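Chemist: The file below is final.pdb, PDB, C-alpha atoms:
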```
ATOM      1  CA  MET A   6     -13.653   4.321  10.363
ATOM      2  CA  LYS A   7     -11.167   3.689   7.574
ATOM      3  CA  LYS A   8      -9.483   0.397   6.816
ATOM      4  CA  ILE A   9      -7.496   1.181   3.685
ATOM      5  CA  VAL A  10      -5.870  -1.582   1.662
ATOM      6  CA  LEU A  11      -2.630  -0.684  -0.151
ATOM      7  CA  ALA A  12      -2.711  -3.037  -3.130
ATOM      8  CA  GLY A  13      -1.073  -3.718  -6.440
ATOM      9  CA  PRO A  14       1.104  -6.213  -8.265
ATOM     10  CA  PRO A  15       4.458  -7.413  -6.904
ATOM     11  CA  ARG A  16       7.305  -4.887  -6.997
ATOM     12  CA  SER A  17       5.017  -1.888  -7.419
ATOM     13  CA  GLY A  18       6.393  -0.142  -4.346
ATOM     14  CA  LYS A  19       3.548  -0.854  -1.905
ATOM     15  CA  SER A  20       5.752  -1.123   1.183
ATOM     16  CA  CYS A  21       7.666   2.046   0.267
ATOM     17  CA  LEU A  22       4.356   3.816  -0.349
ATOM     18  CA  ARG A  23       3.096   2.581   3.031
ATOM     19  CA  GLU A  24       6.075   4.039   4.897
ATOM     20  CA  GLY A  25       6.046   7.363   3.041
ATOM     21  CA  LEU A  26       2.311   7.718   3.525
ATOM     22  CA  LYS A  27       2.559   6.893   7.210
ATOM     23  CA  GLN A  28       5.238   9.554   7.710
ATOM     24  CA  ALA A  29       3.240  12.127   5.733
ATOM     25  CA  LEU A  30       0.115  11.467   7.817
ATOM     26  CA  ILE A  31       2.051  11.771  11.083
ATOM     27  CA  GLU A  32       3.158  15.272  10.056
ATOM     28  CA  ILE A  33      -0.403  16.515   9.447
ATOM     29  CA  GLU A  34      -1.753  18.365  12.460
ATOM     30  CA  ASP A  35      -4.777  16.692  14.088
ATOM     31  CA  ALA A  36      -4.603  13.690  11.731
ATOM     32  CA  PRO A  37      -5.254  10.320  13.357
ATOM     33  CA  TYR A  38      -2.204   8.144  13.851
ATOM     34  CA  PRO A  39      -1.974   5.682  10.937
ATOM     35  CA  TYR A  40      -1.849   2.130  12.256
ATOM     36  CA  VAL A  41      -0.269  -0.314   9.781
ATOM     37  CA  ILE A  42      -1.231  -3.974   9.397
ATOM     38  CA  THR A  43       1.394  -5.905   7.461
ATOM     39  CA  ALA A  44      -0.791  -8.614   5.917
ATOM     40  CA  CYS A  45       1.871 -10.230   3.778
ATOM     41  CA  PRO A  46       4.432 -12.716   5.115
ATOM     42  CA  ASP A  47       7.238 -11.288   2.948
ATOM     43  CA  GLY A  48       9.395 -10.275   5.910
ATOM     44  CA  GLU A  49       8.894  -6.528   5.328
ATOM     45  CA  GLY A  50       7.116  -5.406   8.456
ATOM     46  CA  ALA A  51       6.625  -1.771   9.408
ATOM     47  CA  TRP A  52      10.145  -1.851  10.882
ATOM     48  CA  PHE A  53      11.838  -2.642   7.559
ATOM     49  CA  GLN A  54      12.135   0.813   5.950
ATOM     50  CA  GLY A  55      13.783   2.292   9.031
ATOM     51  CA  ALA A  56      16.129  -0.676   9.270
ATOM     52  CA  VAL A  57      17.204  -0.229   5.635
ATOM     53  CA  LYS A  58      18.158   3.391   6.379
ATOM     54  CA  ASN A  59      20.287   2.337   9.356
ATOM     55  CA  ASP A  60      21.885  -0.876   8.047
ATOM     56  CA  PRO A  61      20.790  -2.354   4.710
ATOM     57  CA  GLY A  62      22.698  -5.582   5.296
ATOM     58  CA  VAL A  63      21.067  -6.298   8.641
ATOM     59  CA  ALA A  64      17.649  -5.343   7.218
ATOM     60  CA  LYS A  65      18.095  -7.782   4.329
ATOM     61  CA  ALA A  66      19.165 -10.582   6.692
ATOM     62  CA  CYS A  67      16.189  -9.960   8.998
ATOM     63  CA  LYS A  68      13.784  -9.928   6.065
ATOM     64  CA  ALA A  69      15.119 -13.288   4.893
ATOM     65  CA  ALA A  70      14.734 -14.715   8.410
ATOM     66  CA  TYR A  71      11.153 -13.448   8.803
ATOM     67  CA  LYS A  72       9.941 -14.301   5.302
ATOM     68  CA  GLY A  73       7.170 -16.876   5.316
ATOM     69  CA  GLN A  74       4.309 -18.254   3.269
ATOM     70  CA  PHE A  75       0.599 -17.508   3.018
ATOM     71  CA  THR A  76      -0.408 -20.392   5.262
ATOM     72  CA  PRO A  77      -4.071 -20.803   6.263
ATOM     73  CA  GLU A  78      -3.061 -19.858   9.814
ATOM     74  CA  PHE A  79      -1.378 -16.630   8.674
ATOM     75  CA  VAL A  80      -4.351 -15.683   6.482
ATOM     76  CA  ARG A  81      -6.827 -16.249   9.339
ATOM     77  CA  LEU A  82      -4.620 -14.236  11.704
ATOM     78  CA  ALA A  83      -4.224 -11.295   9.277
ATOM     79  CA  ALA A  84      -7.947 -11.339   8.426
ATOM     80  CA  GLY A  85      -8.681 -11.174  12.155
ATOM     81  CA  TRP A  86      -6.382  -8.168  12.547
ATOM     82  CA  VAL A  87      -8.327  -6.313   9.848
ATOM     83  CA  ARG A  88     -11.749  -7.428  11.103
ATOM     84  CA  ASP A  89     -11.061  -6.714  14.782
ATOM     85  CA  SER A  90      -9.118  -3.463  14.491
ATOM     86  CA  PRO A  91     -10.759  -0.704  16.556
ATOM     87  CA  LYS A  92     -13.413   1.268  14.712
ATOM     88  CA  ASP A  93     -11.959   4.638  15.704
ATOM     89  CA  MET A  94      -8.506   3.997  14.223
ATOM     90  CA  PHE A  95      -7.032   4.887  10.856
ATOM     91  CA  ILE A  96      -5.846   1.523   9.506
ATOM     92  CA  MET A  97      -3.619   0.845   6.483
ATOM     93  CA  VAL A  98      -3.387  -2.765   5.316
ATOM     94  CA  ASP A  99      -0.300  -3.683   3.261
ATOM     95  CA  VAL A 100      -1.171  -6.841   1.300
ATOM     96  CA  GLY A 101       0.659  -9.226  -0.990
ATOM     97  CA  GLY A 102       0.812  -8.571  -4.720
ATOM     98  CA  ILE A 103      -1.252 -11.505  -5.969
ATOM     99  CA  VAL A 104      -5.009 -11.311  -6.434
ATOM    100  CA  GLY A 105      -6.198 -14.516  -4.829
ATOM    101  CA  ASP A 106      -8.185 -16.158  -2.072
ATOM    102  CA  ALA A 107      -5.672 -15.231   0.652
ATOM    103  CA  ASN A 108      -5.990 -11.509  -0.079
ATOM    104  CA  ARG A 109      -9.755 -11.816  -0.499
ATOM    105  CA  GLU A 110     -10.078 -13.276   2.993
ATOM    106  CA  ILE A 111      -7.715 -10.699   4.507
ATOM    107  CA  CYS A 112      -9.354  -7.698   2.812
ATOM    108  CA  GLN A 113     -13.029  -8.612   3.145
ATOM    109  CA  HIS A 114     -13.420  -6.426   6.259
ATOM    110  CA  ALA A 115     -11.613  -3.395   4.817
ATOM    111  CA  THR A 116     -13.452  -0.315   3.560
ATOM    112  CA  HIS A 117     -11.222   1.407   0.973
ATOM    113  CA  ILE A 118      -8.369   0.608  -1.389
ATOM    114  CA  VAL A 119      -5.406   2.451  -2.912
ATOM    115  CA  ILE A 120      -4.125   0.718  -6.052
ATOM    116  CA  ILE A 121      -0.556   1.207  -7.249
ATOM    117  CA  ALA A 122       0.968  -0.429 -10.306
ATOM    118  CA  GLY A 123       3.744   0.058 -12.802
ATOM    119  CA  ASP A 124       4.617  -1.445 -16.152
ATOM    120  CA  GLU A 125       6.150  -4.936 -16.095
ATOM    121  CA  PRO A 126       8.906  -5.002 -18.713
ATOM    122  CA  LYS A 127       9.547  -8.753 -18.374
ATOM    123  CA  THR A 128       6.008  -9.736 -19.328
ATOM    124  CA  GLY A 129       4.998  -6.701 -21.368
ATOM    125  CA  GLN A 130       2.037  -6.056 -19.082
ATOM    126  CA  THR A 131       1.131  -2.389 -19.002
ATOM    127  CA  TRP A 132       0.092  -0.317 -16.026
ATOM    128  CA  CYS A 133      -3.530  -0.405 -17.217
ATOM    129  CA  SER A 134      -3.766  -4.201 -17.427
ATOM    130  CA  ARG A 135      -2.091  -4.594 -14.040
ATOM    131  CA  MET A 136      -4.463  -2.014 -12.539
ATOM    132  CA  ASP A 137      -7.564  -3.736 -13.955
ATOM    133  CA  GLU A 138      -7.140  -6.945 -11.944
ATOM    134  CA  TRP A 139      -7.078  -4.913  -8.731
ATOM    135  CA  ARG A 140     -10.088  -2.855  -9.809
ATOM    136  CA  ARG A 141     -11.995  -6.133 -10.227
ATOM    137  CA  PHE A 142     -10.741  -7.265  -6.815
ATOM    138  CA  ALA A 143     -12.013  -4.024  -5.239
ATOM    139  CA  ALA A 144     -15.402  -4.348  -6.929
ATOM    140  CA  GLU A 145     -15.762  -7.959  -5.812
ATOM    141  CA  LEU A 146     -15.104  -7.025  -2.165
ATOM    142  CA  ARG A 147     -17.024  -3.735  -2.398
ATOM    143  CA  LEU A 148     -13.963  -1.703  -1.455
ATOM    144  CA  THR A 149     -14.134   1.961  -2.387
ATOM    145  CA  VAL A 150     -11.243   2.854  -4.686
ATOM    146  CA  VAL A 151      -9.775   6.131  -3.404
ATOM    147  CA  ALA A 152      -6.569   6.329  -5.473
ATOM    148  CA  GLU A 153      -4.993   4.842  -8.590
ATOM    149  CA  LEU A 154      -1.271   5.500  -8.820
ATOM    150  CA  PHE A 155       1.298   4.788 -11.485
ATOM    151  CA  SER A 156       4.563   3.630  -9.938
ATOM    152  CA  ASP A 157       7.170   5.253 -12.186
ATOM    153  CA  TYR A 158      10.456   3.884 -10.868
ATOM    154  CA  HIS A 159      12.588   5.571 -13.529
ATOM    155  CA  GLY A 160      10.695   8.869 -13.422
ATOM    156  CA  ALA A 161      12.225  12.119 -12.218
ATOM    157  CA  ARG A 162       9.162  13.636 -10.546
ATOM    158  CA  ASP A 163       5.668  12.940  -9.259
ATOM    159  CA  VAL A 164       2.605  13.919 -11.254
ATOM    160  CA  VAL A 165      -0.586  14.759  -9.339
ATOM    161  CA  LYS A 166      -3.513  14.667 -11.760
ATOM    162  CA  GLY A 167      -6.011  15.361  -8.995
ATOM    163  CA  VAL A 168      -9.290  13.933  -7.775
ATOM    164  CA  GLY A 169     -11.804  13.072 -10.480
ATOM    165  CA  CYS A 170     -15.586  13.301 -10.359
ATOM    166  CA  ASP A 171     -15.515   9.664  -9.179
ATOM    167  CA  ASN A 172     -13.585  10.843  -6.074
ATOM    168  CA  ILE A 173     -10.497   8.853  -7.105
ATOM    169  CA  LEU A 174      -7.101  10.543  -6.828
ATOM    170  CA  ARG A 175      -4.888   9.763  -9.820
ATOM    171  CA  GLY A 176      -1.278  10.448 -10.654
ATOM    172  CA  SER A 177       2.185   8.981 -10.509
ATOM    173  CA  VAL A 178       4.860   8.628  -7.885
ATOM    174  CA  HIS A 179       8.475   8.254  -8.927
ATOM    175  CA  ARG A 180      11.321   6.051  -7.705
ATOM    176  CA  LEU A 181       9.856   4.163  -4.772
ATOM    177  CA  GLU A 182      13.125   2.852  -3.362
ATOM    178  CA  ARG A 183      13.626   1.193   0.019
ATOM    179  CA  GLY A 184      15.351   3.445   2.526
ATOM    180  CA  GLU A 185      14.536   6.710   0.744
ATOM    181  CA  ASP A 186      12.387   9.343   2.450
ATOM    182  CA  ILE A 187       9.424   9.943   0.160
ATOM    183  CA  ALA A 188       6.990  11.555   2.619
ATOM    184  CA  ALA A 189       7.436  15.067   1.193
ATOM    185  CA  ARG A 190       6.844  14.068  -2.436
ATOM    186  CA  PRO A 191       3.834  15.787  -4.031
ATOM    187  CA  MET A 192       1.882  12.580  -4.746
ATOM    188  CA  ILE A 193       2.414  11.215  -1.233
ATOM    189  CA  GLN A 194       1.298  14.533   0.272
ATOM    190  CA  ALA A 195      -1.768  14.654  -1.992
ATOM    191  CA  LEU A 196      -2.668  11.056  -1.130
ATOM    192  CA  ALA A 197      -2.351  11.698   2.609
ATOM    193  CA  ARG A 198      -4.677  14.706   2.401
ATOM    194  CA  HIS A 199      -7.130  12.829   0.177
ATOM    195  CA  LEU A 200      -7.322   9.836   2.542
ATOM    196  CA  LEU A 201      -8.123  12.161   5.430
ATOM    197  CA  ALA A 202     -10.842  13.879   3.376
ATOM    198  CA  VAL A 203     -12.554  10.664   2.199
TER
END
```
Can the structure from this file be put into structure tokens for me?
Modeler:
Amino acid sequence: MKKIVLAGPPRSGKSCLREGLKQALIEIEDAPYPYVITACPDGEGAWFQGAVKNDPGVAKACKAAYKGQFTPEFVRLAAGWVRDSPKDMFIMVDVGGIVGDANREICQHATHIVIIAGDEPKTGQTWCSRMDEWRRFAAELRLTVVAELFSDYHGARDVVKGVGCDNILRGSVHRLERGEDIAARPMIQALARHLLAV
């Protein structure tokens, strides 16, 4: 059983990563179907990436209409989805970008975590400092870190550093942009294979 949290700070590309990873996993023969739990009320459900490809304006309007808040009711509902998901399924949990009690409650029944972060030019926070808060989050909830990715929006290519002796896949993925097909990118392919091997 795998319940894999896709985590990282806001605007790191988590939802784009989720869609690319889902598509990459679907293409792997005999891989389990990746079921996605959208555990963030930001209006970007699993439907959003496909909608952006077809009609960005309609997608944006729908996102605005569906956007909500982390209410106690939403948090309990999302935590229940993670807790009660069937044990024989491959689950990916897309969470909000803030380390806090809402995400702790939602993720407490997960098993693994993929952390993605980029530099934050507005605040001067580096990738490393943004990654550290999610490493602490994973340790607190006893989630096994399976990948640490640098989200390099302005990069021209992915860099796959490989799996270390700690069994964590590291590297970078470039230009995570809504509506773009990223499933064939080297880092997405490597992550899909690594998640199946864990």
Chemist: Using only C-alpha atoms, find the one residue out of A:Val100, A:Ala161, A:Ala12, A:Leu201 that sits nearest to Ala122 (chain A).
Modeler: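 Closest to Ala122 (chain A) of all the choices is A:Ala12.
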Chemist: Choose the residue, out of A:Leu26, A:Ala83, A:Leu148, A:Val165, that has the smallest atom-to-atom separation from Gly101 (chain A); count all atoms listed in the file.
Modeler: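 Closest to Gly101 (chain A) of all the choices is A:Ala83.
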Chemist: From the list A:Asp99, A:Asp171, A:Asp35, A:Val10, which residue is nearest Ala143 (chain A) when using all atoms listed in the file?
Modeler: A:Val10
Chemist: So, counting only C-alpha atoms, which residue among A:Pro14, A:Ala84, A:Ser20, A:Lys92 is closest to Thr131 (chain A)?
Modeler: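 Using only C-alpha atoms, the shortest distance to Thr131 (chain A) belongs to A:Pro14.
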Chemist: Could you name the residues that touch Ser156 (chain A) at 10 Å or less, counting all atoms listed in the file, but leaving out those on the same chain fewer than 4 positions away, as a ChimeraX atom specification?
Modeler: /A:13,16-19,22,120-124,132,160,163,176-181
Chemist: For Pro91 (chain A), which of A:Ile111, A:Met6, A:Ala189, A:Ala197 is the closest residue, counting all atoms listed in the file?
Modeler: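 The answer is A:Met6, which sits nearest to Pro91 (chain A).
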Chemist: Which residues match the PyMOL selection byres ((chain A and resi 80) around 9) in the file above, as an NGL selection string?
Modeler: :A and (44-45 or 75-79 or 81-85 or 107-108 or 110-111)
Chemist: What is the CA of Gln113 (chain A) to CA of Arg175 (chain A) distance in Å?
Modeler: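 Those two atoms sit 23.9 Å apart.
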Chemist: Using all atoms listed in the file, list the residues that have an atom at most 12 Å from (-5.9, 17.1, 11.1), coordinates as in the file, as a PDB file with C-alpha atoms, in the coordinates of the input.
Modeler:
```
ATOM      1  CA  ALA A  29       3.240  12.127   5.733  1.00  0.00           C
ATOM      2  CA  LEU A  30       0.115  11.467   7.817  1.00  0.00           C
ATOM      3  CA  ILE A  31       2.051  11.771  11.083  1.00  0.00           C
ATOM      4  CA  GLU A  32       3.158  15.272  10.056  1.00  0.00           C
ATOM      5  CA  ILE A  33      -0.403  16.515   9.447  1.00  0.00           C
ATOM      6  CA  GLU A  34      -1.753  18.365  12.460  1.00  0.00           C
ATOM      7  CA  ASP A  35      -4.777  16.692  14.088  1.00  0.00           C
ATOM      8  CA  ALA A  36      -4.603  13.690  11.731  1.00  0.00           C
ATOM      9  CA  PRO A  37      -5.254  10.320  13.357  1.00  0.00           C
ATOM     10  CA  TYR A  38      -2.204   8.144  13.851  1.00  0.00           C
ATOM     11  CA  ALA A 197      -2.351  11.698   2.609  1.00  0.00           C
ATOM     12  CA  ARG A 198      -4.677  14.706   2.401  1.00  0.00           C
ATOM     13  CA  HIS A 199      -7.130  12.829   0.177  1.00  0.00           C
ATOM     14  CA  LEU A 200      -7.322   9.836   2.542  1.00  0.00           C
ATOM     15  CA  LEU A 201      -8.123  12.161   5.430  1.00  0.00           C
ATOM     16  CA  ALA A 202     -10.842  13.879   3.376  1.00  0.00           C
TER      17      ALA A 202
END
```
Chemist: Closest to Ala188 (chain A) among A:Ser90, A:Gln28, A:Ser134, A:Gln74, using only C-alpha atoms?
Modeler: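 Of all the options, A:Gln28 lies closest to Ala188 (chain A).
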Chemist: Can you translate the PyMOL selection byres ((chain A and resi 150) around 6) into the concrete residues it hits in this file, as a list in words?
Modeler: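 With the PyMOL selection byres ((chain A and resi 150) around 6) on this model, the match is His117, Ile118, Thr149, Val151 and Ala152 of chain A.
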Chemist: Enter the distance from CA of Gly105 (chain A) to CA of Leu174 (chain A), in Å, rounded to one decimal.
Modeler: 25.2 Å
Chemist: For CA of Arg140 (chain A) and CA of Ile173 (chain A), determine how far apart the two atoms are, in Å to one decimal place.
Modeler: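 CA of Arg140 (chain A) sits 12.0 Å away from CA of Ile173 (chain A).
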Chemist: Box in all listed atoms of region 119-137 of chain A, axis-aligned, with 4 Å more on each side; write out centre and edge lengths in Å to one decimal as AutoDock Vina command-line options.
Modeler:
```
--center_x 1.0 --center_y -3.6 --center_z -12.1 --size_x 25.1 --size_y 20.2 --size_z 26.5
```
Chemist: Can you translate the PyMOL selection byres ((chain A and resi 7) around 9) into the concrete residues it hits in this file, as a list of chain:residue names?
Modeler: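 Evaluating the PyMOL selection byres ((chain A and resi 7) around 9) on this file yields A:Met6, A:Lys8, A:Ile9, A:Lys92, A:Asp93, A:Met94, A:Phe95, A:Ile96, A:Met97, A:Ala115, A:Thr116, A:His117, A:Leu200, A:Val203.
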Chemist: Please produce a file of those selected residues containing C-alpha atoms, as a PDB file, keeping the file's coordinate frame.
Modeler:
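That gives us out.pdb:
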```pdb
ATOM      1  CA  MET A   6     -13.653   4.321  10.363  1.00  0.00           C
ATOM      2  CA  LYS A   8      -9.483   0.397   6.816  1.00  0.00           C
ATOM      3  CA  ILE A   9      -7.496   1.181   3.685  1.00  0.00           C
ATOM      4  CA  LYS A  92     -13.413   1.268  14.712  1.00  0.00           C
ATOM      5  CA  ASP A  93     -11.959   4.638  15.704  1.00  0.00           C
ATOM      6  CA  MET A  94      -8.506   3.997  14.223  1.00  0.00           C
ATOM      7  CA  PHE A  95      -7.032   4.887  10.856  1.00  0.00           C
ATOM      8  CA  ILE A  96      -5.846   1.523   9.506  1.00  0.00           C
ATOM      9  CA  MET A  97      -3.619   0.845   6.483  1.00  0.00           C
ATOM     10  CA  ALA A 115     -11.613  -3.395   4.817  1.00  0.00           C
ATOM     11  CA  THR A 116     -13.452  -0.315   3.560  1.00  0.00           C
ATOM     12  CA  HIS A 117     -11.222   1.407   0.973  1.00  0.00           C
ATOM     13  CA  LEU A 200      -7.322   9.836   2.542  1.00  0.00           C
ATOM     14  CA  VAL A 203     -12.554  10.664   2.199  1.00  0.00           C
TER      15      VAL A 203
END
```
